[in-house]
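Colleague: So I've got this file, structure.csv, and it contains CSV, C-alpha atoms:
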```csv
chain,number,residue,atom,x,y,z
H,30,MET,CA,68.0,94.4,104.5
H,31,ALA,CA,68.6,92.1,107.4
H,32,ILE,CA,72.0,90.4,107.8
H,33,ASP,CA,70.5,86.9,107.8
H,34,GLN,CA,69.1,87.8,104.3
H,35,LEU,CA,72.6,88.4,103.0
H,36,VAL,CA,74.0,85.1,104.3
H,37,LYS,CA,72.1,82.5,102.4
H,38,SER,CA,70.2,79.6,103.8
H,39,PRO,CA,70.7,76.0,102.5
H,40,GLY,CA,69.2,75.5,99.1
H,41,THR,CA,69.5,79.1,97.9
H,42,PRO,CA,70.9,79.1,94.3
H,43,THR,CA,74.4,80.3,93.9
H,44,PRO,CA,75.7,82.6,91.2
H,45,ALA,CA,76.3,81.1,87.8
H,46,GLY,CA,79.5,79.1,87.4
H,47,ALA,CA,79.8,78.4,91.2
H,48,PRO,CA,77.9,75.3,92.2
H,49,ASP,CA,76.7,75.0,95.8
H,50,THR,CA,76.7,71.4,97.1
H,51,GLY,CA,74.8,72.3,100.2
H,52,ALA,CA,76.9,69.9,102.2
H,53,PRO,CA,78.5,71.2,105.4
H,54,GLY,CA,82.1,72.2,104.7
H,55,ALA,CA,81.7,72.1,100.9
H,56,ARG,CA,83.5,75.1,99.4
H,57,ARG,CA,83.4,76.8,96.0
H,58,SER,CA,86.4,76.5,93.8
H,59,PHE,CA,87.7,80.0,93.3
H,60,ALA,CA,91.0,81.4,92.0
H,61,THR,CA,93.0,82.9,94.9
H,62,ARG,CA,93.7,86.2,93.1
H,63,LEU,CA,91.3,89.1,93.7
H,64,PRO,CA,92.4,91.9,91.4
H,65,SER,CA,89.4,94.1,92.1
H,66,LEU,CA,90.1,94.0,95.8
H,67,THR,CA,93.7,94.9,95.1
H,68,GLY,CA,92.5,97.8,93.0
H,69,LEU,CA,90.1,98.9,95.7
H,70,ARG,CA,93.0,99.3,98.2
H,71,PHE,CA,94.2,102.6,96.7
H,72,PRO,CA,90.8,104.4,96.9
H,73,ALA,CA,90.7,103.3,100.6
H,74,ALA,CA,94.2,104.7,101.2
H,75,LEU,CA,93.2,107.9,99.4
H,76,LEU,CA,90.3,108.3,101.9
H,77,VAL,CA,92.9,108.3,104.7
H,78,PHE,CA,95.0,110.8,102.8
H,79,ALA,CA,92.0,113.1,102.3
H,80,TYR,CA,91.2,112.9,106.0
H,81,HIS,CA,94.7,114.0,107.0
H,82,ALA,CA,95.0,116.6,104.3
H,83,GLY,CA,91.7,118.1,105.6
H,84,LEU,CA,92.7,118.4,109.2
H,85,PRO,CA,92.5,122.1,110.1
H,86,ILE,CA,95.6,122.1,112.2
H,87,PRO,CA,98.8,124.2,111.6
H,88,SER,CA,101.0,121.2,110.8
H,89,MET,CA,98.7,120.2,108.0
H,90,ARG,CA,96.5,123.1,106.8
H,91,VAL,CA,97.3,124.9,103.5
H,92,LEU,CA,94.1,126.8,102.9
H,93,ALA,CA,94.1,130.5,104.0
H,94,ASP,CA,90.3,130.8,104.0
H,95,ASP,CA,88.9,129.6,107.4
H,96,ALA,CA,85.5,128.8,106.0
H,97,ALA,CA,87.0,126.7,103.2
H,98,ALA,CA,89.4,124.9,105.6
H,99,PHE,CA,86.6,123.9,108.0
H,100,ASP,CA,84.2,123.0,105.1
H,101,LEU,CA,86.8,120.7,103.8
H,102,TYR,CA,87.2,119.0,107.2
H,103,LYS,CA,83.4,118.6,107.5
H,104,VAL,CA,83.4,116.7,104.2
H,105,VAL,CA,86.5,114.5,104.9
H,106,GLY,CA,86.2,114.2,108.7
H,107,GLN,CA,85.0,110.6,108.8
H,108,MET,CA,87.0,109.4,105.8
H,109,GLY,CA,89.9,108.2,107.9
H,110,GLY,CA,87.6,105.9,109.9
H,111,LEU,CA,86.0,104.6,106.8
H,112,GLY,CA,89.4,103.8,105.2
H,113,VAL,CA,90.8,102.1,108.2
H,114,SER,CA,87.6,100.0,108.7
H,115,PHE,CA,87.8,99.0,105.1
H,116,PHE,CA,91.4,97.8,105.4
H,117,PHE,CA,90.7,95.9,108.6
H,118,VAL,CA,87.8,94.0,107.1
H,119,LEU,CA,89.6,93.5,103.8
H,120,SER,CA,92.6,92.1,105.6
H,121,GLY,CA,90.6,89.4,107.2
H,122,PHE,CA,88.7,88.6,104.0
H,123,VAL,CA,91.8,88.3,101.8
H,124,LEU,CA,93.9,86.3,104.2
H,125,THR,CA,91.1,83.8,104.6
H,126,TRP,CA,90.4,83.7,100.8
H,127,SER,CA,94.1,83.0,100.1
H,128,ALA,CA,94.8,80.7,103.1
H,129,ARG,CA,97.0,77.8,102.1
H,130,LYS,CA,95.7,74.4,103.2
H,131,GLN,CA,99.1,73.0,104.3
H,132,ASP,CA,100.4,76.3,105.7
H,133,THR,CA,101.8,76.6,109.2
H,134,ALA,CA,101.5,79.5,111.6
H,135,LYS,CA,105.2,80.1,111.5
H,136,ALA,CA,105.2,80.3,107.7
H,137,PHE,CA,102.2,82.7,107.8
H,138,TRP,CA,103.8,84.9,110.4
H,139,ARG,CA,107.1,85.0,108.5
H,140,ARG,CA,105.3,86.2,105.3
H,141,ARG,CA,103.4,88.9,107.2
H,142,PHE,CA,106.5,90.2,108.9
H,143,VAL,CA,108.6,90.5,105.8
H,144,LYS,CA,105.7,92.1,103.9
H,145,ILE,CA,104.8,94.7,106.6
H,146,TYR,CA,107.7,95.5,108.9
H,147,PRO,CA,110.4,96.8,106.5
H,148,ASN,CA,108.0,99.5,105.1
H,149,TYR,CA,106.9,100.3,108.6
H,150,LEU,CA,110.4,100.7,109.8
H,151,ILE,CA,111.3,103.0,106.9
H,152,SER,CA,108.3,105.2,107.4
H,153,TRP,CA,109.0,105.4,111.1
H,154,ALA,CA,112.6,106.5,110.5
H,155,LEU,CA,111.5,109.0,107.9
H,156,ALA,CA,108.9,110.6,110.1
H,157,LEU,CA,111.3,110.7,113.1
H,158,GLY,CA,114.1,112.1,111.0
H,159,LEU,CA,112.1,114.8,109.2
H,160,PHE,CA,109.8,116.2,111.9
H,161,ALA,CA,108.7,113.9,114.7
H,162,SER,CA,112.0,113.8,116.7
H,163,ALA,CA,111.6,117.5,117.6
H,164,TYR,CA,108.6,116.7,119.9
H,165,THR,CA,108.7,112.9,120.4
H,166,PRO,CA,110.1,111.5,123.7
H,167,ALA,CA,112.4,108.5,123.2
H,168,ARG,CA,110.1,106.1,125.0
H,169,THR,CA,107.3,107.1,122.5
H,170,ALA,CA,109.6,106.6,119.5
H,171,ILE,CA,110.6,103.2,120.9
H,172,ALA,CA,106.9,102.2,121.5
H,173,ASN,CA,106.2,103.0,117.9
H,174,LEU,CA,109.2,101.0,116.7
H,175,PHE,CA,107.7,97.9,118.3
H,176,MET,CA,104.1,98.8,117.4
H,177,LEU,CA,103.1,99.2,121.0
H,178,GLN,CA,101.6,102.7,120.7
H,179,VAL,CA,98.0,101.3,120.6
H,180,TRP,CA,98.0,99.8,124.1
H,181,ALA,CA,97.3,102.8,126.3
H,182,PRO,CA,94.5,105.4,126.2
H,183,ASP,CA,96.8,108.2,125.3
H,184,PHE,CA,95.9,110.2,122.2
H,185,SER,CA,99.4,111.7,121.8
H,186,LEU,CA,100.9,108.2,122.0
H,187,ASN,CA,98.4,106.4,119.8
H,188,PHE,CA,99.0,108.9,116.9
H,189,SER,CA,102.7,109.7,117.4
H,190,VAL,CA,105.7,109.6,115.0
H,191,ASP,CA,103.9,108.5,111.8
H,192,PRO,CA,100.3,108.7,112.9
H,193,PRO,CA,98.7,106.4,110.3
H,194,SER,CA,101.0,103.6,111.4
H,195,TRP,CA,98.9,103.0,114.6
H,196,SER,CA,96.7,100.6,112.6
H,197,LEU,CA,99.7,98.3,112.1
H,198,GLY,CA,99.8,97.8,115.8
H,199,ALA,CA,96.3,96.5,115.5
H,200,GLU,CA,97.1,94.5,112.4
H,201,ALA,CA,100.0,92.8,114.3
H,202,VAL,CA,97.4,91.4,116.7
H,203,PHE,CA,95.2,90.3,113.9
H,204,TYR,CA,98.1,88.4,112.3
H,205,ALA,CA,99.0,86.8,115.6
H,206,SER,CA,95.4,85.6,116.0
H,207,PHE,CA,94.8,84.5,112.4
H,208,PRO,CA,96.0,80.9,112.5
H,209,LEU,CA,93.8,80.2,115.6
H,210,LEU,CA,90.8,82.1,114.3
H,211,HIS,CA,91.1,80.4,110.9
H,212,ARG,CA,91.0,76.9,112.4
H,213,LEU,CA,88.0,77.9,114.5
H,214,PHE,CA,86.0,79.4,111.6
H,215,LEU,CA,86.7,76.4,109.4
H,216,ARG,CA,84.7,74.4,111.9
H,217,ILE,CA,81.6,76.5,111.6
H,218,ARG,CA,78.8,74.7,109.6
H,219,PRO,CA,78.1,76.8,106.5
H,220,GLN,CA,74.4,77.2,107.5
H,221,HIS,CA,75.5,78.8,110.8
H,222,LEU,CA,77.7,81.4,109.3
H,223,LYS,CA,74.9,83.9,109.2
H,224,TYR,CA,74.7,83.9,113.0
H,225,TRP,CA,78.5,84.5,113.3
H,226,VAL,CA,78.4,87.3,110.7
H,227,THR,CA,75.4,88.9,112.4
H,228,GLY,CA,77.2,88.6,115.8
H,229,ALA,CA,80.4,90.2,114.6
H,230,ILE,CA,78.4,93.2,113.0
H,231,ALA,CA,76.4,93.5,116.2
H,232,GLY,CA,79.5,93.6,118.3
H,233,ILE,CA,81.0,96.4,116.1
H,234,ILE,CA,77.9,98.5,116.3
H,235,ALA,CA,77.7,98.0,120.0
H,236,THR,CA,81.3,99.1,120.6
H,237,PRO,CA,80.5,102.8,120.6
H,238,ALA,CA,77.5,102.3,122.9
H,239,VAL,CA,79.7,100.5,125.4
H,240,ALA,CA,82.4,103.2,125.2
H,241,TYR,CA,79.8,106.0,125.7
H,242,ALA,CA,78.1,104.2,128.5
H,243,LEU,CA,81.0,102.9,130.6
H,244,LEU,CA,84.0,105.2,130.0
H,245,PRO,CA,84.6,108.7,131.3
H,246,ASP,CA,83.4,111.7,129.2
H,247,GLY,CA,86.6,113.6,129.5
H,248,PRO,CA,89.2,114.7,128.7
H,249,GLY,CA,88.1,115.1,125.1
H,250,ILE,CA,90.1,114.2,122.0
H,251,PRO,CA,91.6,117.1,120.1
H,252,GLY,CA,89.1,118.8,117.8
H,253,GLY,CA,86.2,118.9,120.1
H,254,GLU,CA,84.3,115.9,118.8
H,255,LEU,CA,81.9,114.3,121.2
H,256,SER,CA,84.2,111.7,122.5
H,257,SER,CA,86.7,111.4,125.3
H,258,VAL,CA,90.2,110.1,124.8
H,259,SER,CA,89.4,106.8,126.6
H,260,GLN,CA,86.1,106.3,124.7
H,261,TYR,CA,87.9,106.9,121.4
H,262,TRP,CA,90.8,104.6,122.3
H,263,PHE,CA,88.5,101.8,123.3
H,264,SER,CA,86.1,102.1,120.3
H,265,TYR,CA,88.6,103.0,117.6
H,266,VAL,CA,92.1,102.0,118.5
H,267,LEU,CA,92.3,99.1,121.0
H,268,PRO,CA,93.4,96.0,119.0
H,269,PRO,CA,91.2,93.3,120.7
H,270,VAL,CA,88.1,95.5,119.9
H,271,ARG,CA,89.2,96.1,116.3
H,272,LEU,CA,89.7,92.4,116.0
H,273,LEU,CA,86.0,92.3,115.4
H,274,ASP,CA,86.5,94.0,112.0
H,275,PHE,CA,89.1,91.5,111.0
H,276,ALA,CA,87.1,88.5,112.2
H,277,LEU,CA,84.1,89.9,110.3
H,278,GLY,CA,86.1,89.9,107.1
H,279,MET,CA,87.2,86.3,107.7
H,280,LEU,CA,83.6,85.2,108.3
H,281,VAL,CA,82.3,86.9,105.2
H,282,ALA,CA,85.0,85.2,103.2
H,283,HIS,CA,83.9,81.8,104.5
H,284,ALA,CA,80.3,82.7,103.6
H,285,VAL,CA,81.3,83.6,100.0
H,286,LEU,CA,83.5,80.6,99.6
H,287,ASN,CA,80.8,78.3,100.9
H,288,GLY,CA,78.2,79.8,98.6
H,289,ARG,CA,76.2,81.3,101.5
H,290,TRP,CA,76.4,84.9,100.6
H,291,ARG,CA,73.7,86.9,98.8
H,292,ASN,CA,75.6,89.2,96.5
H,293,ILE,CA,73.9,92.5,95.7
H,294,GLY,CA,76.6,93.6,93.3
H,295,MET,CA,79.2,96.4,93.4
H,296,ILE,CA,76.9,99.2,92.2
H,297,TRP,CA,74.4,98.8,94.9
H,298,SER,CA,77.1,98.1,97.5
H,299,SER,CA,78.8,101.4,96.5
H,300,ALA,CA,75.6,103.3,96.7
H,301,LEU,CA,75.0,102.0,100.2
H,302,LEU,CA,78.5,102.9,101.2
H,303,VAL,CA,77.9,106.5,100.1
H,304,ALA,CA,74.6,106.5,102.1
H,305,GLY,CA,76.5,105.1,105.1
H,306,TYR,CA,79.0,107.9,104.8
H,307,VAL,CA,76.3,110.5,104.7
H,308,LEU,CA,74.8,108.8,107.8
H,309,THR,CA,78.0,109.5,109.7
H,310,TYR,CA,77.0,113.2,109.9
H,311,TYR,CA,73.7,112.3,111.7
H,312,VAL,CA,74.9,109.8,114.4
H,313,PRO,CA,77.2,110.3,117.4
H,314,TYR,CA,80.8,110.7,116.5
H,315,LEU,CA,82.0,107.2,117.4
H,316,TYR,CA,79.2,105.6,115.6
H,317,GLY,CA,80.3,107.4,112.5
H,318,GLN,CA,83.9,106.3,113.0
H,319,ARG,CA,83.1,102.7,113.8
H,320,ALA,CA,79.7,101.5,112.8
H,321,ALA,CA,77.8,103.5,110.1
H,322,CYS,CA,79.6,102.1,107.1
H,323,ILE,CA,80.5,98.6,108.3
H,324,ILE,CA,77.7,96.8,106.5
H,325,PRO,CA,78.3,98.6,103.1
H,326,ILE,CA,82.0,97.8,103.5
H,327,VAL,CA,81.3,94.1,103.9
H,328,LEU,CA,78.9,94.2,100.9
H,329,LEU,CA,81.4,95.9,98.7
H,330,ILE,CA,84.3,93.6,99.5
H,331,ALA,CA,82.1,90.5,99.0
H,332,ALA,CA,80.7,91.9,95.7
H,333,ALA,CA,84.2,92.6,94.4
H,334,ALA,CA,85.4,89.2,95.3
H,335,VAL,CA,82.4,87.5,93.6
H,336,ALA,CA,82.9,89.6,90.5
H,337,ASP,CA,86.5,88.5,90.3
H,338,ALA,CA,85.6,84.9,91.0
H,339,GLU,CA,83.2,85.0,88.1
H,340,ASN,CA,85.7,86.9,85.9
H,341,ARG,CA,83.3,89.8,85.5
H,342,PHE,CA,84.4,93.3,84.5
H,343,THR,CA,85.0,95.9,87.3
H,344,ILE,CA,86.6,99.3,87.0
H,345,PHE,CA,89.2,98.3,89.6
H,346,ARG,CA,90.8,95.4,87.6
H,347,ASN,CA,92.6,97.5,85.0
H,348,ARG,CA,96.4,97.8,85.0
H,349,THR,CA,96.5,101.2,86.5
H,350,MET,CA,94.3,100.4,89.5
H,351,LEU,CA,96.2,97.1,90.1
H,352,TRP,CA,99.5,99.1,90.2
H,353,LEU,CA,98.1,101.6,92.5
H,354,GLY,CA,96.7,98.9,94.7
H,355,GLU,CA,100.1,97.2,94.9
H,356,ILE,CA,101.7,100.4,96.2
H,357,SER,CA,98.8,101.3,98.4
H,358,PHE,CA,100.4,100.0,101.6
H,359,ALA,CA,103.5,102.1,101.0
H,360,PHE,CA,101.2,105.1,100.2
H,361,TYR,CA,99.3,104.6,103.4
H,362,LEU,CA,102.5,104.8,105.5
H,363,LEU,CA,104.2,107.6,103.6
H,364,HIS,CA,101.4,110.1,102.8
H,365,PHE,CA,101.4,111.7,106.3
H,366,VAL,CA,105.2,112.2,106.0
H,367,VAL,CA,104.7,114.0,102.7
H,368,LEU,CA,101.8,116.1,104.0
H,369,THR,CA,103.7,117.1,107.2
H,370,TYR,CA,107.1,117.7,105.7
H,371,GLY,CA,105.5,119.4,102.7
H,372,ARG,CA,103.8,121.9,105.1
H,373,THR,CA,107.2,122.5,106.7
H,374,LEU,CA,108.8,123.2,103.3
H,375,LEU,CA,106.0,125.7,102.5
H,376,GLY,CA,106.8,127.7,105.6
H,377,ASP,CA,104.2,129.9,107.2
H,378,ARG,CA,102.5,130.8,103.9
H,379,MET,CA,98.8,129.9,103.4
H,380,PHE,CA,97.1,129.6,100.0
H,381,SER,CA,93.9,130.4,98.2
H,382,THR,CA,91.5,127.5,97.7
H,383,PRO,CA,92.5,126.8,94.1
H,384,ALA,CA,96.2,126.9,94.9
H,385,GLY,CA,95.7,124.8,98.0
H,386,ALA,CA,93.9,122.2,96.0
H,387,LEU,CA,96.7,122.1,93.5
H,388,ILE,CA,99.2,121.6,96.3
H,389,LEU,CA,97.2,118.7,97.7
H,390,VAL,CA,97.0,117.1,94.2
H,391,ALA,CA,100.8,117.5,93.9
H,392,GLU,CA,101.3,115.9,97.3
H,393,VAL,CA,99.2,112.9,96.2
H,394,GLY,CA,101.6,112.7,93.2
H,395,VAL,CA,104.7,112.9,95.3
H,396,SER,CA,103.2,110.3,97.7
H,397,VAL,CA,102.5,107.9,94.8
H,398,LEU,CA,106.1,108.3,93.4
H,399,LEU,CA,107.7,107.7,96.8
H,400,SER,CA,105.4,104.8,97.4
H,401,TRP,CA,106.3,103.3,94.1
H,402,ALA,CA,110.0,103.6,95.0
H,403,LEU,CA,109.4,102.0,98.4
H,404,TYR,CA,107.4,99.2,96.9
H,405,ALA,CA,109.8,98.5,94.0
H,406,LEU,CA,113.1,98.8,96.0
H,407,VAL,CA,112.0,97.5,99.4
H,408,GLU,CA,108.6,95.8,99.7
H,409,ARG,CA,108.6,93.6,96.6
H,410,PRO,CA,112.2,92.4,96.7
H,411,ILE,CA,112.3,91.7,100.4
H,412,THR,CA,108.9,89.9,100.2
H,413,LYS,CA,110.2,87.8,97.3
H,414,ARG,CA,113.5,87.0,98.9
H,415,PHE,CA,112.5,86.3,102.5
H,416,SER,CA,108.9,85.1,102.4
H,417,LYS,CA,110.1,81.5,102.4
H,418,PRO,CA,112.9,80.1,104.5
H,419,ARG,CA,116.1,79.1,102.7
H,420,LYS,CA,116.2,75.5,101.5
H,421,ARG,CA,118.6,73.5,103.7
H,422,GLY,CA,121.2,71.4,102.0
H,423,PRO,CA,122.1,67.9,103.0
H,424,GLN,CA,122.9,67.7,106.7
H,425,GLN,CA,125.9,65.7,107.8
H,426,ILE,CA,125.5,63.2,110.6
H,427,GLY,CA,128.1,62.5,113.2
```
For this file, produce the structure as structure tokens.
Modeller:
Amino acid sequence: MAIDQLVKSPGTPTPAGAPDTGAPGARRSFATRLPSLTGLRFPAALLVFAYHAGLPIPSMRVLADDAAAFDLYKVVGQMGGLGVSFFFVLSGFVLTWSARKQDTAKAFWRRRFVKIYPNYLISWALALGLFASAYTPARTAIANLFMLQVWAPDFSLNFSVDPPSWSLGAEAVFYASFPLLHRLFLRIRPQHLKYWVTGAIAGIIATPAVAYALLPDGPGIPGGELSSVSQYWFSYVLPPVRLLDFALGMLVAHAVLNGRWRNIGMIWSSALLVAGYVLTYYVPYLYGQRAACIIPIVLLIAAAAVADAENRFTIFRNRTMLWLGEISFAFYLLHFVVLTYGRTLLGDRMFSTPAGALILVAEVGVSVLLSWALYALVERPITKRFSKPRKRGPQQIG
């Protein structure tokens, strides 16, 4: 299906209960809460957990059988890229959907900082204290503290201290850019959104091609995949390049809000996402990391939002999935700490495949419990307390 068939032309009927005026700038009246997208956050975080758990390296591996360990990695080897791309697109979509009309850039940045940085700081300190300090130079630890680890083509720097936290360095750029991008995208005529969405997707798909064509072929990234460090950094890590994912989420949110999105539903979107993941095994490595699943990701996020807007049932709206979605950010930051420190506690012993599977399930459970604690004791109270500036009392003059 072509992208311009997904972004509707003027006059295309909108879903029931959501009238489309057809006028430029006219937007559908939707509730700001998107429970299904909250619920989808945890499966996305679990994909990243699966990727790290399946890495066949000494600091992570628990399976004694070589064939089983490498078979596991073959299955989960692209899940990290899928999960991260989902979060980047989702971030742009949700922030656009919930944007406040009278908001200021300063207020937006304040909310993002108090939501993100306390959890980030705690995971940084835990990783450094439990294992990373043994091999992390001080300058690398400081670069991580200030989310600067993503700005150089250095694999050991990009994924240092708490490796999943690299994506927050990219998100910081997204948040800094959001107020300007939001004002720009609001000026796009609804009937022109299809061109912008198509352009963003084309840019994402072209990124690996640019990396392979213009950047050196070596040295290779660890693991022997067909990518050099500089190619991987440019295509997968560099924040201005990953800003395309975030901007795509924003543009799709505008298309849905303006009644210009052709929704294919969550079932078909999910099926296409599975097909996209299978495709990652048949395309060059960076295309699998970056491009193969981007259209299904967009379709699924938009379908979940439309389902919520129309108050339709989805399996991600129940109380359990909502709770898991709320703690998913903490889970994303803490799971690598649990996996790595858990491997340390297990010593040098390796395990049978059934025992290894039980250990990984247990580590999911531990990660969930610790994430719950971090969310309940840090993220939620700090966000509630500091998202808004204190009200000033009467000021004296003279």
Colleague: Could you build a table of the residues in segment 56-150 of chain H lying no more than 8 Å from segment 383-394 of chain H, giving for each the nearest pair of atoms and their separation in Å rounded to one decimal place, using all atoms listed in the file, ordered by chain and ascending residue number, as CSV?
Modeller:
```
residue,atom,partner,partner_atom,distance
H:Ala82,CA,H:Leu389,CA,7.3
H:Val91,CA,H:Gly385,CA,5.7
H:Leu92,CA,H:Gly385,CA,5.5
```
Colleague: Measuring atom to atom with only C-alpha atoms, identify which of H:Pro219, H:Gly305, H:Pro193, H:Gly198 is nearest to Arg289 of chain H.
Modeller: H:Pro219
Colleague: Figure out the distance between atom CA of Lys223 of chain H and atom CA of Tyr265 of chain H, please, to one decimal in Å.
Modeller: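 Those two atoms sit 25.0 Å apart.
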Colleague: If we count all atoms listed in the file, what is near Phe142 of chain H at a cut-off of 10 Å, once residues fewer than 2 positions away on the same chain are taken out, given as a list in words?
Modeller: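 Once the adjacent positions are removed, what remains is Phe137, Trp138, Arg139, Arg140, Lys144, Ile145, Tyr146, Pro147, Ala201, Tyr204, Thr412, Phe415 and Ser416 of chain H.
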Colleague: When distances are computed from only C-alpha atoms, which of H:Leu101, H:Ala405, H:Ile86, H:Met108 shows the smallest separation from Glu355 of chain H?
Modeller: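 Among H:Leu101, H:Ala405, H:Ile86, H:Met108, it is H:Ala405 that comes nearest to Glu355 of chain H.
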Colleague: Which of these residues is nearest to Val77 of chain H, using all atoms listed in the file: H:Ala181, H:Met379, H:Ala321, H:Leu368?
Modeller: H:Leu368
Colleague: To one decimal place, how far is atom CA of Pro85 of chain H from atom CA of His364 of chain H in Å?
Modeller: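 Straight-line distance from atom CA of Pro85 of chain H to atom CA of His364 of chain H works out to 16.6 Å.
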Colleague: For atom CA of Arg319 of chain H and atom CA of Phe360 of chain H, quote the distance in Å rounded to one decimal.
Modeller: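 Value for the atom CA of Arg319 of chain H-atom CA of Phe360 of chain H distance: 22.8 Å.
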Colleague: Please determine, counting only C-alpha atoms, which residue among H:Arg129, H:Arg341, H:Arg212, H:Lys135 has the shortest atom-to-atom distance to Pro418 of chain H.
Modeller: H:Lys135
Colleague: Under the rule that all atoms listed in the file are counted, which of H:Ile326, H:Asn148, H:Leu157, H:Phe175 is the nearest residue to Trp401 of chain H?
Modeller: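 So, comparing all the options, the nearest one is H:Asn148.
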